Amino acid sequence: MSERLQPGDTAPAFTLPNADGKPVSLADYAGRKVIVYFYPAALTPGCTKQACDFTDNLDLLAQHGYDVVGISPDKPEKLAKFRDKEHLKVTLLGDPEKEILQAYGAFGEKKMYGKTVTGVIRSTVIVDEQGKVERALYNVRATGHVAKIIKDLGL
C-alpha cells in the first residue's frame, strides 16, 4: 500500500504523457496552484461525471489561480478519445505504469462492492505554488466532489 500524502509534504515530481502523447510535468505548473486528481478509468460513468464537473468549473478555478490535471492508468490514445467525446478541457495524463499513482498514495487496496480489491483510489491532491501539498483527499466520490473542493477552498 502506498503512503498517503499529508499537507506540507513536497508533492512528488512527475512527467507523464498527455492525451496527445506530449510530456507534461508538475514543474510546468511552478508558481501556480494545481489540483491533481486521480481517477480509475477514462470513459466510465463516474470518471466522466468528475471530469465534466472539473471542465465546467475550470474558468472559476483558473480565476483563483488553480490549474487542473487528471491522472489515470490509461494510455494517451484512450485519454484523447475521452477528451474528444466529452469535450473535456482539463489536462489528462496517463500513468500506465502506476508509478505516480503510487507516489501520491492513489493506488492500493480499496473496498469495492464489499470486496477488497487493488486499484486506483479516487483521490485529489491540491499542490501550492511552491510544490507543497496543501490538501490531500482520498476515497472521494465522483459526484459532488468538485463542488466540495470549491466550497472548501472558499471560491
# chains A, B, ... in the order shown; residues from 1 in each chain; ligands from 1
>>> residues_around(residues="Gln63 (chain A)", least_positions_apart="3", cutoff="12 Å", atoms="only C-alpha atoms", output="list in words")
Arg32, Lys33, Asn57, Leu58, Asp59, Leu60, Tyr66, Asp67 and Leu155 of chain A
>>> residues_around(residues="region 70-84 of chain A", least_positions_apart="5", cutoff="6 Å", atoms="only C-alpha atoms", output="JSON, numbers by chain")
{"A": [19, 21, 36, 37, 38, 39, 40, 42, 43, 92, 93, 94, 95, 96]}
>>> write_last_selection(atoms="C-alpha atoms", output="PDB file, in the first residue's frame")
ATOM      1  CA  ALA A  19      -3.811  12.835 -24.389  1.00  0.00           C
ATOM      2  CA  GLY A  21       1.360  11.932 -26.122  1.00  0.00           C
ATOM      3  CA  VAL A  36      -4.129  16.889  -9.295  1.00  0.00           C
ATOM      4  CA  TYR A  37      -6.913  14.345  -9.297  1.00  0.00           C
ATOM      5  CA  PHE A  38      -6.603  10.599  -9.758  1.00  0.00           C
ATOM      6  CA  TYR A  39      -9.375   8.518 -11.301  1.00  0.00           C
ATOM      7  CA  PRO A  40      -9.685   4.822 -12.216  1.00  0.00           C
ATOM      8  CA  ALA A  42     -11.470   7.152 -18.798  1.00  0.00           C
ATOM      9  CA  LEU A  43     -14.857   6.679 -20.458  1.00  0.00           C
ATOM     10  CA  LEU A  92      -5.481  14.424 -18.797  1.00  0.00           C
ATOM     11  CA  LEU A  93      -2.303  12.431 -18.172  1.00  0.00           C
ATOM     12  CA  GLY A  94      -1.673   8.703 -18.464  1.00  0.00           C
ATOM     13  CA  ASP A  95       0.268   6.658 -15.915  1.00  0.00           C
ATOM     14  CA  PRO A  96       0.043   3.069 -17.248  1.00  0.00           C
TER      15      PRO A  96
END
>>> closest_residue(among="A:Thr44, A:Ser123, A:Ser25, A:Thr116", to="Gln102 (chain A)", atoms="only C-alpha atoms")
A:Ser123
>>> select_by_dssp(residues="chain A", states="alpha helix (DSSP H)", output="ChimeraX atom specification")
/A:45-56,58-63,76-86,99-103,145-152
>>> write_last_selection(atoms="C-alpha atoms", output="PDB file, in the first residue's frame")
ATOM      1  CA  PRO A  45     -19.655   6.902 -15.819  1.00  0.00           C
ATOM      2  CA  GLY A  46     -18.189   8.176 -12.521  1.00  0.00           C
ATOM      3  CA  CYS A  47     -14.919   9.330 -14.067  1.00  0.00           C
ATOM      4  CA  THR A  48     -16.818  11.072 -16.874  1.00  0.00           C
ATOM      5  CA  LYS A  49     -19.020  12.901 -14.341  1.00  0.00           C
ATOM      6  CA  GLN A  50     -15.970  14.025 -12.362  1.00  0.00           C
ATOM      7  CA  ALA A  51     -14.018  15.158 -15.459  1.00  0.00           C
ATOM      8  CA  CYS A  52     -17.060  17.058 -16.776  1.00  0.00           C
ATOM      9  CA  ASP A  53     -17.527  18.743 -13.370  1.00  0.00           C
ATOM     10  CA  PHE A  54     -13.892  19.893 -13.406  1.00  0.00           C
ATOM     11  CA  THR A  55     -14.272  21.109 -17.016  1.00  0.00           C
ATOM     12  CA  ASP A  56     -17.479  23.006 -16.134  1.00  0.00           C
ATOM     13  CA  LEU A  58     -12.321  25.287 -14.944  1.00  0.00           C
ATOM     14  CA  ASP A  59     -12.824  29.028 -15.508  1.00  0.00           C
ATOM     15  CA  LEU A  60     -13.764  29.622 -11.862  1.00  0.00           C
ATOM     16  CA  LEU A  61     -10.779  27.596 -10.644  1.00  0.00           C
ATOM     17  CA  ALA A  62      -8.429  29.365 -13.092  1.00  0.00           C
ATOM     18  CA  GLN A  63      -9.649  32.788 -11.895  1.00  0.00           C
ATOM     19  CA  PRO A  76      -2.778   8.590 -24.317  1.00  0.00           C
ATOM     20  CA  GLU A  77      -4.976   7.156 -27.115  1.00  0.00           C
ATOM     21  CA  LYS A  78      -7.792   6.405 -24.673  1.00  0.00           C
ATOM     22  CA  LEU A  79      -7.361   9.801 -22.983  1.00  0.00           C
ATOM     23  CA  ALA A  80      -7.686  11.534 -26.376  1.00  0.00           C
ATOM     24  CA  LYS A  81     -10.880   9.604 -27.093  1.00  0.00           C
ATOM     25  CA  PHE A  82     -12.230  10.545 -23.625  1.00  0.00           C
ATOM     26  CA  ARG A  83     -11.299  14.229 -24.054  1.00  0.00           C
ATOM     27  CA  ASP A  84     -12.818  14.457 -27.536  1.00  0.00           C
ATOM     28  CA  LYS A  85     -16.006  12.504 -26.769  1.00  0.00           C
ATOM     29  CA  GLU A  86     -16.790  14.511 -23.608  1.00  0.00           C
ATOM     30  CA  GLU A  99       4.289   4.852 -10.545  1.00  0.00           C
ATOM     31  CA  ILE A 100       2.856   8.333  -9.967  1.00  0.00           C
ATOM     32  CA  LEU A 101      -0.463   6.927  -8.723  1.00  0.00           C
ATOM     33  CA  GLN A 102       1.559   5.018  -6.107  1.00  0.00           C
ATOM     34  CA  ALA A 103       3.794   8.006  -5.289  1.00  0.00           C
ATOM     35  CA  HIS A 145     -16.539  16.320  -5.358  1.00  0.00           C
ATOM     36  CA  VAL A 146     -15.696  19.405  -7.436  1.00  0.00           C
ATOM     37  CA  ALA A 147     -18.419  21.448  -5.695  1.00  0.00           C
ATOM     38  CA  LYS A 148     -16.981  20.354  -2.327  1.00  0.00           C
ATOM     39  CA  ILE A 149     -13.458  21.428  -3.329  1.00  0.00           C
ATOM     40  CA  ILE A 150     -14.745  24.837  -4.448  1.00  0.00           C
ATOM     41  CA  LYS A 151     -16.642  25.247  -1.166  1.00  0.00           C
ATOM     42  CA  ASP A 152     -13.693  24.060   0.974  1.00  0.00           C
TER      43      ASP A 152
END
>>> atom_distance(atom1="CA of Val120 (chain A)", atom2="CA of Ala106 (chain A)")
5.8 Å
>>> closest_atom_pairs(of="region 10-32 of chain A", to="region 130-139 of chain A", cutoff="10 Å", atoms="only C-alpha atoms", output="tab-separated table")
residue	atom	partner	partner_atom	distance
A:Thr10	CA	A:Lys132	CA	4.4
A:Ala11	CA	A:Lys132	CA	5.4
A:Pro12	CA	A:Gly131	CA	8.5
A:Ala13	CA	A:Gly131	CA	8.6
A:Leu26	CA	A:Gly131	CA	8.1
A:Ala27	CA	A:Gly131	CA	8.2
A:Tyr29	CA	A:Gly131	CA	8.6
A:Ala30	CA	A:Gln130	CA	6.7
A:Gly31	CA	A:Gln130	CA	6.4
A:Arg32	CA	A:Gln130	CA	8.0
>>> write_last_selection(atoms="all heavy atoms", output="short mmCIF file (atom, residue, chain, number, x, y, z; two decimals), in the first residue's frame")
data_model
loop_
_atom_site.label_atom_id
_atom_site.label_comp_id
_atom_site.auth_asym_id
_atom_site.auth_seq_id
_atom_site.Cartn_x
_atom_site.Cartn_y
_atom_site.Cartn_z
N THR A 10 6.23 17.58 0.23
CA THR A 10 6.56 18.01 -1.12
C THR A 10 5.82 17.07 -2.07
O THR A 10 5.90 15.85 -1.93
CB THR A 10 8.08 17.93 -1.36
OG1 THR A 10 8.72 18.83 -0.46
CG2 THR A 10 8.43 18.30 -2.79
N ALA A 11 5.09 17.63 -3.02
CA ALA A 11 4.36 16.80 -3.99
C ALA A 11 5.37 16.07 -4.87
O ALA A 11 6.32 16.68 -5.35
CB ALA A 11 3.45 17.68 -4.84
N PRO A 12 5.19 14.76 -5.05
CA PRO A 12 6.13 14.01 -5.90
C PRO A 12 6.15 14.57 -7.33
O PRO A 12 5.10 14.84 -7.91
CB PRO A 12 5.56 12.59 -5.89
CG PRO A 12 4.78 12.51 -4.61
CD PRO A 12 4.20 13.88 -4.43
N ALA A 13 7.35 14.77 -7.84
CA ALA A 13 7.50 15.28 -9.21
C ALA A 13 7.01 14.21 -10.19
O ALA A 13 7.07 13.01 -9.90
CB ALA A 13 8.97 15.60 -9.47
N LEU A 26 4.90 18.20 -13.44
CA LEU A 26 4.42 19.03 -12.34
C LEU A 26 5.19 20.35 -12.35
O LEU A 26 4.62 21.41 -12.08
CB LEU A 26 4.59 18.31 -10.99
CG LEU A 26 4.09 19.07 -9.76
CD1 LEU A 26 2.59 19.36 -9.86
CD2 LEU A 26 4.38 18.28 -8.49
N ALA A 27 6.46 20.30 -12.71
CA ALA A 27 7.30 21.51 -12.76
C ALA A 27 6.75 22.56 -13.73
O ALA A 27 7.00 23.75 -13.56
CB ALA A 27 8.73 21.14 -13.14
N TYR A 29 3.95 23.64 -13.78
CA TYR A 29 2.97 24.45 -13.03
C TYR A 29 3.61 25.25 -11.90
O TYR A 29 2.89 25.81 -11.07
CB TYR A 29 1.86 23.54 -12.48
CG TYR A 29 1.08 22.87 -13.57
CD1 TYR A 29 1.41 21.59 -14.02
CD2 TYR A 29 0.01 23.52 -14.20
CE1 TYR A 29 0.71 20.99 -15.05
CE2 TYR A 29 -0.69 22.92 -15.22
CZ TYR A 29 -0.34 21.65 -15.65
OH TYR A 29 -1.04 21.07 -16.67
N ALA A 30 4.93 25.30 -11.86
CA ALA A 30 5.62 26.04 -10.79
C ALA A 30 5.09 27.48 -10.74
O ALA A 30 4.91 28.12 -11.77
CB ALA A 30 7.12 26.04 -11.03
N GLY A 31 4.80 27.94 -9.53
CA GLY A 31 4.29 29.29 -9.35
C GLY A 31 2.78 29.38 -9.44
O GLY A 31 2.20 30.44 -9.24
N ARG A 32 2.12 28.25 -9.75
CA ARG A 32 0.65 28.19 -9.77
C ARG A 32 0.18 27.06 -8.88
O ARG A 32 0.93 26.12 -8.63
CB ARG A 32 0.13 27.97 -11.20
CG ARG A 32 0.29 29.20 -12.08
CD ARG A 32 -0.41 29.08 -13.41
NE ARG A 32 -1.83 28.78 -13.39
CZ ARG A 32 -2.82 29.67 -13.26
NH1 ARG A 32 -2.54 30.93 -13.06
NH2 ARG A 32 -4.08 29.29 -13.32
#
>>> select_by_dssp(residues="region 42-137 of chain A", states="strand (DSSP E)", output="number ranges by chain")
A: 66-72, 91-94, 107-112, 115-120, 123-127, 133-137
>>> atom_distance(atom1="CA of Lys98 (chain A)", atom2="CA of Glu129 (chain A)")
24.8 Å
